[in-house]
Amino acid sequence: MSISLGDVVARGSRSTVHAYGRGAVVKVPDPSTPESWIRYEARYAEAARVAGAPAPRLLGMEEVAGRTASVWEHVEGMSMWQHVVDRPDRSAELGRLLAELQLALFELVPAVTLPRQRDRLTSKIRWAAATIDESLVRALELLPPQSGAPRLCHGDLHPSNVLLGPEGPMIVDWFDASRGDPVADVARSSLVLLSDGTDPPRHLPGSDRATLGC
């Protein structure tokens with residue numbers, strides 16, 4: 001018997017998450033999202049969870065409206081960002097928690113099945129040079145040589161990707177996960193917390209400069 005999609009639990013830039021039966025949610029990719037992304041994210045999230053990261057458990061893959069979708073355990077709680085929106089006076093406190101979560105990830109040994117961070121950065125730079133401005137390819141020369149043991153990096157850690165529930169924080173959206181340099185992961189988080197010119201980041205609805213600056 002097929003299980004129909006329930007209420008929308010969350011929306012992202014690449015997919016929509018629906019309630020899906022008892023104790024589960026299903027992540028359905030948007031039409032513009034390559035199907036392979038859903039499969040890669042499922043693989044990376046499970047690798048991170050096995051390494052000890054607070055990641056939701058993958059329950060399986062389904063086909064929804066002719067597209068591959070991933071099914072996950074339902075994590076109770078609101079996003080860290082929603083807590084900030086509801087209580088701006090807690091933004092500094094929650095910012096410290098976000099930093100602590102990121103530092104804890106760096107203590108974990110990543111699975112070799114995760115892609116190398118340098119390979120991911122190289123691929124993204126080449127894509128940007130090919131689709132936006134060819135001069136961006138010069139950024140490849142700025143990539144530092146790898147030093148030290150690679151650590152578990154989320155690749156897109158910001159308050160909307162952390163759920164706060166009764167069992168503690170849970171990190172979601174692992175598509176950009178890699179094994180690499182913690183400094184690069186912190187730099188990525190810093191960038192995604194910045195405004196896009198005069199506009200707030202799309203992944204942090206309702207944000208303003210004062211709150212982000214905390």
# chains A, B, ... in the order shown; residues from 1 in each chain; ligands from 1
$ residues_around --residues "A:Leu142" --least-positions-apart "5" --cutoff "12 Å" --atoms "only C-alpha atoms" --output "PyMOL selection string"
chain A and resi 118+121-122+125+136-137
$ residues_around --residues "stretch 98-104 of chain A" --least-positions-apart "4" --cutoff "8 Å" --atoms "only C-alpha atoms" --output "ChimeraX atom specification"
/A:94,108,157-159,186
$ write_last_selection --atoms "C-alpha atoms" --output "PDB file, in the first residue's frame"
ATOM      1  CA  LEU A  94      22.600  29.950  19.550  1.00  0.00           C
ATOM      2  CA  LEU A 108      35.322  12.937  13.997  1.00  0.00           C
ATOM      3  CA  LEU A 157      26.413  24.484   8.178  1.00  0.00           C
ATOM      4  CA  HIS A 158      24.072  27.332   9.083  1.00  0.00           C
ATOM      5  CA  PRO A 159      21.161  27.728  11.559  1.00  0.00           C
ATOM      6  CA  VAL A 186      34.293  27.511   8.887  1.00  0.00           C
TER       7      VAL A 186
END
$ residues_around --residues "stretch 4-9 of chain A" --least-positions-apart "5" --cutoff "10 Å" --atoms "only C-alpha atoms" --output "ChimeraX atom specification"
/A:16-21,25-28,64,74,78
$ select_by_dssp --residues "stretch 4-127 of chain A" --states "strand (DSSP E)" --output "ChimeraX atom specification"
/A:8-11,15-19,24-29,58-64,67-73,78-79
$ atom_distance --atom1 "atom CA of A:Arg57" --atom2 "atom CA of A:Lys124"
28.0 Å
$ closest_residue --among "A:Gln117, A:Ala128, A:Gly155, A:His83" --to "A:Ser190" --atoms "only C-alpha atoms"
A:Gly155
$ closest_atom_pairs --of "stretch 108-129 of chain A" --to "stretch 40-54 of chain A" --cutoff "8 Å" --atoms "only C-alpha atoms" --output "tab-separated table"
residue	atom	partner	partner_atom	distance
A:Leu108	CA	A:Ala51	CA	6.4
A:Val109	CA	A:Ala51	CA	6.4
A:Pro110	CA	A:Ala51	CA	6.2
A:Ala111	CA	A:Ala47	CA	6.2
A:Thr113	CA	A:Ala47	CA	7.4
A:Leu114	CA	A:Tyr44	CA	6.2
$ closest_residue --among "A:Pro145, A:Pro115, A:Pro34, A:Pro166" --to "A:Ser178" --atoms "only C-alpha atoms"
A:Pro115
$ residues_around --residues "A:Ser79" --least-positions-apart "3" --cutoff "7 Å" --atoms "only C-alpha atoms" --output "PyMOL selection string"
chain A and resi 82-83+159-164
$ atom_distance --atom1 "atom CA of A:Pro29" --atom2 "atom CA of A:Glu73"
17.3 Å
$ select_by_dssp --residues "stretch 86-183 of chain A" --states "helix (DSSP H, G or I)" --output "VMD selection string"
chain A and resid 86 88 to 105 117 to 131 134 to 142 159 to 161 182 to 183
$ write_last_selection --atoms "N, CA and C atoms" --output "compact mmCIF listing (two decimals), in the first residue's frame"
# COMPACT_ATOMS: atom_id res chain seq x y z
N ASP A 86 12.24 33.71 16.47
CA ASP A 86 11.28 33.85 17.57
C ASP A 86 11.87 34.59 18.77
N PRO A 88 15.15 36.78 19.07
CA PRO A 88 16.40 37.41 18.61
C PRO A 88 17.42 37.62 19.73
N ASP A 89 16.93 37.75 20.97
CA ASP A 89 17.85 37.96 22.09
C ASP A 89 18.70 36.72 22.37
N ARG A 90 18.34 35.58 21.76
CA ARG A 90 19.12 34.34 21.95
C ARG A 90 20.10 34.10 20.80
N SER A 91 20.21 35.05 19.86
CA SER A 91 21.02 34.81 18.67
C SER A 91 22.48 34.54 19.02
N ALA A 92 23.04 35.27 19.97
CA ALA A 92 24.45 35.06 20.34
C ALA A 92 24.63 33.69 20.99
N GLU A 93 23.70 33.33 21.86
CA GLU A 93 23.76 32.01 22.52
C GLU A 93 23.69 30.88 21.50
N LEU A 94 22.76 30.99 20.55
CA LEU A 94 22.60 29.95 19.55
C LEU A 94 23.77 29.95 18.56
N GLY A 95 24.35 31.12 18.33
CA GLY A 95 25.54 31.19 17.49
C GLY A 95 26.70 30.42 18.11
N ARG A 96 26.83 30.52 19.43
CA ARG A 96 27.88 29.74 20.11
C ARG A 96 27.61 28.25 19.99
N LEU A 97 26.35 27.86 20.11
CA LEU A 97 26.00 26.44 19.97
C LEU A 97 26.34 25.94 18.57
N LEU A 98 26.06 26.77 17.55
CA LEU A 98 26.39 26.38 16.19
C LEU A 98 27.90 26.16 16.05
N ALA A 99 28.69 27.05 16.63
CA ALA A 99 30.15 26.90 16.57
C ALA A 99 30.61 25.64 17.29
N GLU A 100 29.99 25.33 18.43
CA GLU A 100 30.35 24.13 19.17
C GLU A 100 30.03 22.86 18.38
N LEU A 101 28.89 22.88 17.70
CA LEU A 101 28.52 21.73 16.87
C LEU A 101 29.53 21.52 15.75
N GLN A 102 29.96 22.62 15.14
CA GLN A 102 30.92 22.51 14.05
C GLN A 102 32.27 21.99 14.56
N LEU A 103 32.71 22.49 15.70
CA LEU A 103 33.97 22.02 16.28
C LEU A 103 33.89 20.53 16.62
N ALA A 104 32.74 20.09 17.09
CA ALA A 104 32.56 18.68 17.43
C ALA A 104 32.68 17.80 16.18
N LEU A 105 32.19 18.29 15.04
CA LEU A 105 32.32 17.52 13.80
C LEU A 105 33.79 17.32 13.45
N GLN A 117 37.33 17.36 0.01
CA GLN A 117 36.91 18.76 -0.03
C GLN A 117 37.58 19.51 -1.18
N ARG A 118 38.86 19.26 -1.40
CA ARG A 118 39.58 19.95 -2.46
C ARG A 118 38.98 19.62 -3.83
N ASP A 119 38.58 18.37 -4.02
CA ASP A 119 37.96 17.99 -5.29
C ASP A 119 36.64 18.72 -5.48
N ARG A 120 35.86 18.85 -4.40
CA ARG A 120 34.58 19.55 -4.50
C ARG A 120 34.79 21.02 -4.82
N LEU A 121 35.76 21.66 -4.17
CA LEU A 121 36.03 23.07 -4.43
C LEU A 121 36.52 23.28 -5.86
N THR A 122 37.39 22.40 -6.32
CA THR A 122 37.88 22.51 -7.69
C THR A 122 36.74 22.41 -8.69
N SER A 123 35.85 21.46 -8.46
CA SER A 123 34.71 21.27 -9.35
C SER A 123 33.81 22.50 -9.37
N LYS A 124 33.56 23.09 -8.20
CA LYS A 124 32.68 24.26 -8.13
C LYS A 124 33.31 25.48 -8.78
N ILE A 125 34.62 25.64 -8.61
CA ILE A 125 35.31 26.77 -9.24
C ILE A 125 35.26 26.64 -10.76
N ARG A 126 35.51 25.44 -11.26
CA ARG A 126 35.47 25.23 -12.71
C ARG A 126 34.05 25.45 -13.26
N TRP A 127 33.04 25.03 -12.50
CA TRP A 127 31.65 25.25 -12.93
C TRP A 127 31.36 26.75 -12.99
N ALA A 128 31.79 27.50 -11.96
CA ALA A 128 31.54 28.94 -11.93
C ALA A 128 32.25 29.64 -13.09
N ALA A 129 33.47 29.20 -13.39
CA ALA A 129 34.22 29.80 -14.50
C ALA A 129 33.53 29.52 -15.83
N ALA A 130 32.93 28.34 -15.95
CA ALA A 130 32.29 27.97 -17.21
C ALA A 130 30.92 28.61 -17.39
N THR A 131 30.23 28.91 -16.30
CA THR A 131 28.85 29.40 -16.40
C THR A 131 28.67 30.86 -16.02
N GLU A 134 34.70 33.41 -16.87
CA GLU A 134 35.85 32.52 -17.05
C GLU A 134 37.05 32.95 -16.21
N SER A 135 37.10 34.23 -15.81
CA SER A 135 38.22 34.69 -14.99
C SER A 135 38.23 34.06 -13.60
N LEU A 136 37.09 33.51 -13.18
CA LEU A 136 37.01 32.89 -11.86
C LEU A 136 37.90 31.67 -11.74
N VAL A 137 38.35 31.13 -12.88
CA VAL A 137 39.20 29.95 -12.84
C VAL A 137 40.49 30.24 -12.10
N ARG A 138 40.87 31.51 -11.99
CA ARG A 138 42.10 31.86 -11.28
C ARG A 138 42.02 31.50 -9.80
N ALA A 139 40.81 31.30 -9.30
CA ALA A 139 40.67 30.91 -7.90
C ALA A 139 41.32 29.56 -7.61
N LEU A 140 41.49 28.75 -8.63
CA LEU A 140 42.15 27.45 -8.44
C LEU A 140 43.57 27.63 -7.91
N GLU A 141 44.20 28.74 -8.30
CA GLU A 141 45.57 29.00 -7.86
C GLU A 141 45.63 29.37 -6.38
N LEU A 142 44.50 29.76 -5.82
CA LEU A 142 44.46 30.18 -4.42
C LEU A 142 44.19 29.03 -3.46
N PRO A 159 22.24 28.00 10.60
CA PRO A 159 21.16 27.73 11.56
C PRO A 159 19.94 27.02 11.00
N SER A 160 19.64 27.17 9.71
CA SER A 160 18.48 26.48 9.14
C SER A 160 18.74 24.99 8.94
N ASN A 161 20.00 24.58 9.01
CA ASN A 161 20.34 23.17 8.84
C ASN A 161 20.59 22.46 10.16
N PRO A 182 39.16 21.88 8.19
CA PRO A 182 38.15 22.57 9.00
C PRO A 182 38.07 24.07 8.73
N VAL A 183 39.22 24.69 8.44
CA VAL A 183 39.21 26.14 8.19
C VAL A 183 38.32 26.48 7.00
$ residues_around --residues "A:Asp181" --least-positions-apart "4" --cutoff "9 Å" --atoms "only C-alpha atoms" --output "number ranges by chain"
A: 106, 117-118, 146-153, 185
$ atom_distance --atom1 "atom CA of A:Ile38" --atom2 "atom CA of A:Glu107"
26.5 Å
$ closest_residue --among "A:Thr33, A:Ile132, A:Pro169, A:Arg116" --to "A:Gly12" --atoms "only C-alpha atoms"
A:Thr33
